[in-house]
Each structure stands twice: as C-alpha cells, then as structure tokens.
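Trainee: One structure, pasted below without further comment.
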Amino acid sequence: MRADRLVSILLWLQVHGKTSTDDLARRLEVSPRTILRDMDALTISGIPVVARRGRLGGWSLPEEYRLGRKWLSTAEVRALAVLTPAHVLADLGIAGTADAAWLKLMAALPPVHRNEATFVQDRIHVDTSTWRPRHESTAWLLELKEALFTDRRVNVAYRRSGGECVVRTVAPLGLVAKGHAWYLAGDVDGQVRTYRISRIQSVEVLPERFERPADFNLREFWEASKVSLEQGLPRYPVTLRVRERTAATLPGGLRWARLEGVDPAGPDGWCRVRILFETRDDACSSILRFGDRVEVLSPDE
C-alpha cells in the first residue's frame, strides 16, 4: 500500500539520513519514478523532505523532524514485543539493560499499544536453546564485543577443526548467535572470514582502529555464508527399507540429516526411504537407534 510505503520512506530517512532515489527504490522494491512521485506527495502534505542534487546527493529530513510513536501500527508493536532470546542478551552482558529499555519503551507507548505488547508477551515466548546441555564457550565474547563497538583490531588465537592453533589479526565486523553458538565475522587481509567463538583460545584487543567497510551488511554476509557452508558439507547418502509406521517418525529421530524421499509402502508394509547424512558416523548413530524396524539397502559399508 502507498501509505505504508510513505511511512517506510520517512522512517528510513529519519534513521539513516540522506539516501538516494535509487537506494530507496531498491529497498522498497519499486521504480525510481515511483519514489519521485512519493516524494512529491510527501512535500504536498507538508512534510519537509529535502532533495540534494549531485553525485553525493539524496533525500533527507531536517534534524529536528521526528515521527511520533503514533506511527507505530498494532502489528509493529506486536513484533517489538517478541524480544531477542534471554540467553543471547545474557551472553552479551546486556540482559539488565534490555529489560530497562523495554520498560522505558512501554512507558512511552500509548495505552492501546502498551496493551498490545502485553497481550503478545503473555502468549508468545521465544526459546532458541536446545534440549541438550550447552557446551559452547563464550569466554572471549565480551572482549570481542568491545572491539567490535570501538572498531579496534584484535589478535585472535584460533583452534581449527583439525586441532592446529593459528594467530590472526582480525578487524571485527559482526557477531552472530546461532542457537547456543556464537560466531565472529571479521576482515583478515581484505577477506571476510567466520570464526566460531568457542574455538578462540585468546583475544588481544589492539589500540589500532580500522575503518569499517560502508557496504558490509552482516545479515546478507551470514545468509551467504550459511549457503556456502551447507554446500561444502560432506555428503553421505543412505537408502533404507523401513516399516511404514516407522517412516512417519523418521524426521523427528534423525540428527544432522535430511530426508530426501519416501516411496509408497508395498504390500508387505515396508517402504524405501532416502536420507542424506553428513558422515557415516552420523548415519550409524541415527540408524542403529531404530533397531529391526529398518534395513540398510545402501551403501554396503
């Protein structure tokens, strides 16, 4: 809807400042001509959007112009109420600060929005932890967060998966929490690499500062990294003959595996199932738990 797009433009300009027509068009998935028409509409309605021409130009709002909290919709307030999981805030040492910030936000909201936030919090709780005990170390997380927030390089001693320990000078660009594991994204000699925090043996924060790349987007980098990691994982396909009633329970009983396909059951009540594991050990540990309810057809080993 156009009204939603106009509000999105104002919010973006308020938070990010001067932005070009092409950037706004790309972010809102419309044409540059549509953005120009939207800017005309905002100007006619009395909102002081400012246009600056030239290579470094763009649209902006005066510093004193601010949208009030009345611009929040019911859906947006409900989204805010689903906060970052508590263990992530605790790892970063800001759990208490986050609670205080949320209390201030609730106090600032109109009563109708405050009721919406409470409504959601009473009904939705996000827990990203697993049932298995946590074994991930976060010993150096706070030091890395401090270096990240102050744009300082760090010397990191890192233990690779093969056991070898290496030392790297890293320009921290971001921290990512996935489940109970934390990862550091950092620039090393012009290349952005990912390090698992639990494998870091020591961190030395250096006095040297670095200039953060203006075009680095942590979310986009992480999503691309996940795709690359998945493509690089080892593949171990397995074909099973499974009792029909067992096939229905397979997805919940498989670890580190993907169900590739299930053929219809034959007259004998058994069906053929294809599963993609990462390694043979993963396949053995998962399949053996089903006992005589499965028969391995391939591979021979």
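Chain lettering (A, B, ...) mirrors the order of the structure tokens, residue numbering begins at 1 for each chain separately, and ligand numbering begins at 1 in order of display.
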Give me, as a ChimeraX atom specification, the residues of range 192-252 of chain A that a backbone DSSP run labels strand (DSSP E or B).
Mentor: /A:192-196,200-209,236-243
Trainee: Any chance you could list, as a list in words, the residues in range 167-227 of chain A that come up alpha helix (DSSP H) when DSSP is run on the backbone?
Mentor: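 DSSP on the backbone gives alpha helix (DSSP H) at Leu218, Arg219, Glu220, Phe221, Trp222, Glu223, Ala224, Ser225, Lys226 and Val227 of chain A.
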Trainee: Go ahead and save the residues from that selection, with N, CA, C and O atoms, as a compact mmCIF listing (two decimals), in the first residue's frame.
Mentor:
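Output file out38.txt is given in full below:
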# COMPACT_ATOMS: atom_id res chain seq x y z
N LEU A 218 25.94 -7.32 7.59
CA LEU A 218 26.15 -8.55 8.37
C LEU A 218 25.10 -9.60 8.05
O LEU A 218 25.43 -10.78 7.90
N ARG A 219 23.84 -9.20 7.96
CA ARG A 219 22.78 -10.18 7.70
C ARG A 219 22.99 -10.86 6.34
O ARG A 219 22.89 -12.08 6.23
N GLU A 220 23.28 -10.06 5.32
CA GLU A 220 23.49 -10.64 3.99
C GLU A 220 24.72 -11.54 3.96
O GLU A 220 24.71 -12.60 3.33
N PHE A 221 25.80 -11.11 4.65
CA PHE A 221 27.00 -11.93 4.69
C PHE A 221 26.72 -13.27 5.36
O PHE A 221 27.15 -14.32 4.88
N TRP A 222 26.00 -13.26 6.46
CA TRP A 222 25.73 -14.50 7.19
C TRP A 222 24.87 -15.45 6.37
O TRP A 222 25.12 -16.66 6.33
N GLU A 223 23.84 -14.92 5.71
CA GLU A 223 22.98 -15.78 4.90
C GLU A 223 23.79 -16.42 3.77
O GLU A 223 23.61 -17.60 3.47
N ALA A 224 24.66 -15.64 3.15
CA ALA A 224 25.50 -16.20 2.08
C ALA A 224 26.47 -17.23 2.64
O ALA A 224 26.75 -18.25 2.00
N SER A 225 26.99 -16.98 3.85
CA SER A 225 27.92 -17.92 4.48
C SER A 225 27.24 -19.25 4.78
O SER A 225 27.84 -20.32 4.62
N LYS A 226 26.00 -19.21 5.22
CA LYS A 226 25.27 -20.44 5.52
C LYS A 226 25.09 -21.28 4.26
O LYS A 226 25.25 -22.51 4.29
N VAL A 227 24.76 -20.62 3.16
CA VAL A 227 24.60 -21.34 1.89
C VAL A 227 25.92 -21.98 1.49
O VAL A 227 25.98 -23.15 1.10
Trainee: Considering only C-alpha atoms, return as a compact mmCIF listing (two decimals) with all heavy atoms, in the first residue's frame whatever protein or nucleic-acid residues lie within 12 Å of Gln191 in chain A, sequence-local ones (same chain, fewer than 6 positions apart) excluded.
Mentor:
# COMPACT_ATOMS: atom_id res chain seq x y z
N THR A 169 45.27 -11.51 12.90
CA THR A 169 44.86 -10.16 13.24
C THR A 169 43.56 -9.88 12.50
O THR A 169 43.52 -9.94 11.26
CB THR A 169 45.93 -9.13 12.85
OG1 THR A 169 47.13 -9.41 13.57
CG2 THR A 169 45.47 -7.71 13.20
N VAL A 170 42.50 -9.62 13.24
CA VAL A 170 41.15 -9.55 12.68
C VAL A 170 40.55 -8.17 12.95
O VAL A 170 40.68 -7.63 14.05
CB VAL A 170 40.24 -10.63 13.29
CG1 VAL A 170 38.86 -10.61 12.65
CG2 VAL A 170 40.87 -12.01 13.15
N ALA A 171 39.87 -7.63 11.95
CA ALA A 171 39.06 -6.43 12.12
C ALA A 171 37.62 -6.89 12.32
O ALA A 171 36.97 -7.33 11.36
CB ALA A 171 39.17 -5.52 10.90
N PRO A 172 37.08 -6.88 13.55
CA PRO A 172 35.74 -7.42 13.81
C PRO A 172 34.66 -6.62 13.08
O PRO A 172 34.58 -5.40 13.20
CB PRO A 172 35.59 -7.28 15.32
CG PRO A 172 36.97 -7.06 15.84
CD PRO A 172 37.70 -6.35 14.76
N LEU A 173 33.81 -7.33 12.34
CA LEU A 173 32.72 -6.69 11.61
C LEU A 173 31.36 -7.06 12.14
O LEU A 173 30.37 -6.36 11.86
CB LEU A 173 32.81 -7.06 10.12
CG LEU A 173 34.08 -6.63 9.39
CD1 LEU A 173 34.04 -7.10 7.94
CD2 LEU A 173 34.27 -5.12 9.45
N ALA A 185 32.44 -12.54 12.62
CA ALA A 185 32.74 -12.23 11.22
C ALA A 185 33.77 -11.11 11.23
O ALA A 185 33.54 -10.06 11.85
CB ALA A 185 31.48 -11.80 10.48
N PRO A 213 33.99 -1.15 6.57
CA PRO A 213 33.51 -1.01 5.19
C PRO A 213 32.06 -0.53 5.16
O PRO A 213 31.19 -1.12 5.82
CB PRO A 213 33.63 -2.43 4.61
CG PRO A 213 34.62 -3.12 5.50
CD PRO A 213 34.44 -2.52 6.86
N PHE A 216 29.40 -3.18 3.97
CA PHE A 216 29.27 -4.51 4.60
C PHE A 216 27.92 -4.63 5.28
O PHE A 216 27.53 -3.79 6.09
CB PHE A 216 30.39 -4.73 5.62
CG PHE A 216 30.28 -6.06 6.34
CD1 PHE A 216 30.62 -7.23 5.70
CD2 PHE A 216 29.81 -6.12 7.65
CE1 PHE A 216 30.51 -8.46 6.33
CE2 PHE A 216 29.70 -7.34 8.30
CZ PHE A 216 30.05 -8.52 7.64
N PHE A 221 25.80 -11.11 4.65
CA PHE A 221 27.00 -11.93 4.69
C PHE A 221 26.72 -13.27 5.36
O PHE A 221 27.15 -14.32 4.88
CB PHE A 221 28.11 -11.20 5.45
CG PHE A 221 29.28 -12.08 5.81
CD1 PHE A 221 30.22 -12.43 4.86
CD2 PHE A 221 29.42 -12.58 7.11
CE1 PHE A 221 31.29 -13.26 5.19
CE2 PHE A 221 30.48 -13.41 7.44
CZ PHE A 221 31.41 -13.75 6.48
Trainee: Please measure the separation of CA of Ser31 in chain A and CA of Ala214 in chain A, giving the value in Å to one decimal.
Mentor: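 Value for the CA of Ser31 in chain A-CA of Ala214 in chain A distance: 24.1 Å.
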Trainee: So, counting only C-alpha atoms, which residue among A:Leu28, A:Val77, A:Glu208, A:Gly46 is closest to Gln121 in chain A?
Mentor: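 Going through A:Leu28, A:Val77, A:Glu208, A:Gly46 one by one, the smallest distance to Gln121 in chain A is for A:Val77.
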Trainee: Excluding Glu244 in chain A and residues on its chain fewer than 6 positions from it, collect all residues at most 10 Å away from it, counting only C-alpha atoms, and give them as a list in words.
Mentor: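 Selected residues are Val262, Asp263, Pro264, Ala265, Gly266, Asp268, Gly269, Trp270, Cys271, Arg272, Arg293 and Val294 of chain A.
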Trainee: Keeping only all heavy atoms, write the selected residues as a compact mmCIF listing (two decimals), in the first residue's frame.
Mentor:
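part-v9.txt written:
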# COMPACT_ATOMS: atom_id res chain seq x y z
N VAL A 262 10.51 -40.53 0.31
CA VAL A 262 9.91 -41.76 0.85
C VAL A 262 9.00 -42.34 -0.23
O VAL A 262 8.07 -41.68 -0.69
CB VAL A 262 9.10 -41.48 2.13
CG1 VAL A 262 8.47 -42.78 2.66
CG2 VAL A 262 9.96 -40.82 3.20
N ASP A 263 9.27 -43.58 -0.64
CA ASP A 263 8.41 -44.24 -1.62
C ASP A 263 7.20 -44.84 -0.92
O ASP A 263 7.27 -45.19 0.27
CB ASP A 263 9.18 -45.35 -2.34
CG ASP A 263 10.33 -44.80 -3.18
OD1 ASP A 263 10.29 -43.60 -3.51
OD2 ASP A 263 11.26 -45.58 -3.49
N PRO A 264 6.09 -44.98 -1.64
CA PRO A 264 4.89 -45.60 -1.02
C PRO A 264 5.19 -47.01 -0.53
O PRO A 264 6.00 -47.73 -1.11
CB PRO A 264 3.88 -45.61 -2.18
CG PRO A 264 4.36 -44.53 -3.12
CD PRO A 264 5.85 -44.54 -3.02
N ALA A 265 4.51 -47.39 0.53
CA ALA A 265 4.72 -48.71 1.11
C ALA A 265 4.18 -49.80 0.18
O ALA A 265 3.18 -49.61 -0.52
CB ALA A 265 4.03 -48.81 2.46
N GLY A 266 4.89 -50.95 0.16
CA GLY A 266 4.45 -52.09 -0.64
C GLY A 266 3.43 -52.93 0.12
O GLY A 266 3.04 -52.62 1.25
N ASP A 268 3.84 -55.54 1.67
CA ASP A 268 4.37 -56.09 2.92
C ASP A 268 4.46 -55.05 4.04
O ASP A 268 4.92 -55.36 5.15
CB ASP A 268 5.76 -56.69 2.67
CG ASP A 268 6.75 -55.66 2.11
OD1 ASP A 268 6.34 -54.50 1.86
OD2 ASP A 268 7.93 -56.01 1.94
N GLY A 269 4.05 -53.78 3.77
CA GLY A 269 4.07 -52.75 4.81
C GLY A 269 5.41 -52.06 4.99
O GLY A 269 5.59 -51.31 5.95
N TRP A 270 6.34 -52.32 4.07
CA TRP A 270 7.64 -51.68 4.13
C TRP A 270 7.76 -50.68 2.97
O TRP A 270 7.20 -50.88 1.90
CB TRP A 270 8.77 -52.71 4.02
CG TRP A 270 8.92 -53.57 5.25
CD1 TRP A 270 8.05 -54.52 5.69
CD2 TRP A 270 9.98 -53.53 6.20
NE1 TRP A 270 8.50 -55.10 6.85
CE2 TRP A 270 9.69 -54.52 7.18
CE3 TRP A 270 11.16 -52.80 6.31
CZ2 TRP A 270 10.54 -54.76 8.26
CZ3 TRP A 270 12.00 -53.05 7.39
CH2 TRP A 270 11.69 -54.01 8.34
N CYS A 271 8.55 -49.61 3.19
CA CYS A 271 8.76 -48.62 2.13
C CYS A 271 10.24 -48.26 2.04
O CYS A 271 11.01 -48.51 2.98
CB CYS A 271 7.92 -47.37 2.38
SG CYS A 271 8.16 -46.59 3.99
N ARG A 272 10.63 -47.71 0.91
CA ARG A 272 12.01 -47.32 0.69
C ARG A 272 12.18 -45.83 1.03
O ARG A 272 11.38 -44.99 0.61
CB ARG A 272 12.39 -47.58 -0.76
CG ARG A 272 13.85 -47.31 -1.11
CD ARG A 272 14.08 -47.56 -2.60
NE ARG A 272 13.88 -48.97 -2.92
CZ ARG A 272 14.87 -49.82 -3.15
NH1 ARG A 272 16.13 -49.40 -3.09
NH2 ARG A 272 14.64 -51.08 -3.43
N ARG A 293 13.51 -52.18 12.97
CA ARG A 293 12.46 -51.51 12.21
C ARG A 293 12.98 -50.95 10.89
O ARG A 293 12.21 -50.45 10.08
CB ARG A 293 11.84 -50.39 13.04
CG ARG A 293 11.01 -50.89 14.24
CD ARG A 293 10.57 -49.74 15.09
NE ARG A 293 11.71 -49.10 15.77
CZ ARG A 293 11.65 -47.91 16.37
NH1 ARG A 293 10.53 -47.23 16.35
NH2 ARG A 293 12.71 -47.43 16.97
N VAL A 294 14.30 -51.01 10.68
CA VAL A 294 14.88 -50.54 9.43
C VAL A 294 15.86 -51.58 8.90
O VAL A 294 16.44 -52.35 9.67
CB VAL A 294 15.62 -49.18 9.59
CG1 VAL A 294 14.69 -48.12 10.16
CG2 VAL A 294 16.85 -49.33 10.46
Trainee: Would you pick out the contacts of Leu259 in chain A at 8 Å or less, using only C-alpha atoms, so that residues sharing its chain but fewer than 4 positions from it are not included, and give the list as a PyMOL selection string?
Mentor: chain A and resi 251+273-276
Trainee: Excluding Leu24 in chain A and residues on its chain fewer than 6 positions from it, collect all residues at most 8 Å away from it, counting only C-alpha atoms, and give them as a list in words.
Mentor: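 Selected residues are Ile9, Pro32 and Ile35 of chain A.
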Trainee: Next, write the just-selected residues to a file, as an mmCIF file, in the first residue's frame, keeping N, CA and C atoms as the atom set.
Mentor:
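The result, stored in out-v4.cif:
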data_model
loop_
_atom_site.group_PDB
_atom_site.id
_atom_site.type_symbol
_atom_site.label_atom_id
_atom_site.label_comp_id
_atom_site.auth_asym_id
_atom_site.auth_seq_id
_atom_site.Cartn_x
_atom_site.Cartn_y
_atom_site.Cartn_z
ATOM 1 N N ILE A 9 9.414 5.272 3.976
ATOM 2 C CA ILE A 9 10.398 6.248 3.492
ATOM 3 C C ILE A 9 10.783 7.212 4.606
ATOM 4 N N PRO A 32 12.400 3.988 -9.496
ATOM 5 C CA PRO A 32 12.803 5.337 -9.087
ATOM 6 C C PRO A 32 11.713 6.376 -9.377
ATOM 7 N N ILE A 35 9.348 6.468 -6.517
ATOM 8 C CA ILE A 35 9.903 7.190 -5.367
ATOM 9 C C ILE A 35 9.755 8.702 -5.570
#
Trainee: List as a ChimeraX atom specification the protein and nucleic acid residues near Gly54 in chain A, meaning an atom at most 12 Å away when only C-alpha atoms are counted, but skip any in the same chain fewer than 3 places from it.
Mentor: /A:20-21,51,57-59
Trainee: Please write the residues from the selection above to a file, keeping N, CA, C and O atoms, as a PDB file, in the first residue's frame.
Mentor:
ATOM      1  N   SER A  20      19.745   8.118  -1.561  1.00  0.00           N
ATOM      2  CA  SER A  20      19.444   8.424  -2.956  1.00  0.00           C
ATOM      3  C   SER A  20      18.126   7.799  -3.388  1.00  0.00           C
ATOM      4  O   SER A  20      17.603   6.870  -2.756  1.00  0.00           O
ATOM      5  N   THR A  21      17.603   8.320  -4.493  1.00  0.00           N
ATOM      6  CA  THR A  21      16.357   7.787  -5.051  1.00  0.00           C
ATOM      7  C   THR A  21      16.517   6.313  -5.423  1.00  0.00           C
ATOM      8  O   THR A  21      15.629   5.490  -5.155  1.00  0.00           O
ATOM      9  N   ALA A  51      15.719  17.627  -0.984  1.00  0.00           N
ATOM     10  CA  ALA A  51      16.445  16.969  -2.078  1.00  0.00           C
ATOM     11  C   ALA A  51      17.757  17.692  -2.323  1.00  0.00           C
ATOM     12  O   ALA A  51      17.784  18.910  -2.468  1.00  0.00           O
ATOM     13  N   GLY A  57      24.425  13.434  -3.520  1.00  0.00           N
ATOM     14  CA  GLY A  57      23.136  13.957  -3.079  1.00  0.00           C
ATOM     15  C   GLY A  57      22.190  12.866  -2.616  1.00  0.00           C
ATOM     16  O   GLY A  57      22.556  11.701  -2.476  1.00  0.00           O
ATOM     17  N   GLY A  58      20.929  13.246  -2.437  1.00  0.00           N
ATOM     18  CA  GLY A  58      19.912  12.307  -1.982  1.00  0.00           C
ATOM     19  C   GLY A  58      18.809  13.027  -1.239  1.00  0.00           C
ATOM     20  O   GLY A  58      18.776  14.268  -1.156  1.00  0.00           O
ATOM     21  N   TRP A  59      17.893  12.268  -0.688  1.00  0.00           N
ATOM     22  CA  TRP A  59      16.767  12.798   0.081  1.00  0.00           C
ATOM     23  C   TRP A  59      17.095  12.752   1.561  1.00  0.00           C
ATOM     24  O   TRP A  59      17.742  11.818   2.040  1.00  0.00           O
TER      25      TRP A  59
END
Trainee: Which value, in Å to one decimal, gives the distance between CA of Ala25 in chain A and CA of Gly174 in chain A?
Mentor: 26.8 Å
Trainee: Using only C-alpha atoms, which of A:Ser8, A:Thr118, A:Thr138, A:Thr34 sits nearest Ala177 in chain A?
Mentor: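 Checking each of A:Ser8, A:Thr118, A:Thr138, A:Thr34 against Ala177 in chain A, counting only C-alpha atoms, the winner is A:Thr138.
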Trainee: For a quick check of understanding, using only C-alpha atoms, which of A:Asp4, A:Thr74, A:Arg245, A:Ser60 has the smallest distance to Pro110 in chain A?
Mentor: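 That would be A:Thr74, the residue with the smallest distance to Pro110 in chain A.
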Trainee: In Å, with one decimal, what is the gap from CA of Asn115 in chain A to CA of Val82 in chain A?
Mentor: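 Value for the CA of Asn115 in chain A-CA of Val82 in chain A distance: 14.0 Å.
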Trainee: Find, counting only C-alpha atoms, the residue in A:Leu42, A:Ala79, A:Leu13, A:Val30 that gets nearest to Ile124 in chain A.
Mentor: A:Ala79
Trainee: Using only C-alpha atoms for the distances, tell me which of A:Arg78, A:Glu29, A:Gly93, A:Ala100 is nearest to Arg114 in chain A.
Mentor: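 Comparing A:Arg78, A:Glu29, A:Gly93, A:Ala100 against Arg114 in chain A, the winner is A:Arg78.
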Trainee: Nearest to Leu142 in chain A: which of A:Gly179, A:Leu103, A:Leu92, A:Val167 is it, counting only C-alpha atoms?
Mentor: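 Going through A:Gly179, A:Leu103, A:Leu92, A:Val167 one by one, the smallest distance to Leu142 in chain A is for A:Leu92.
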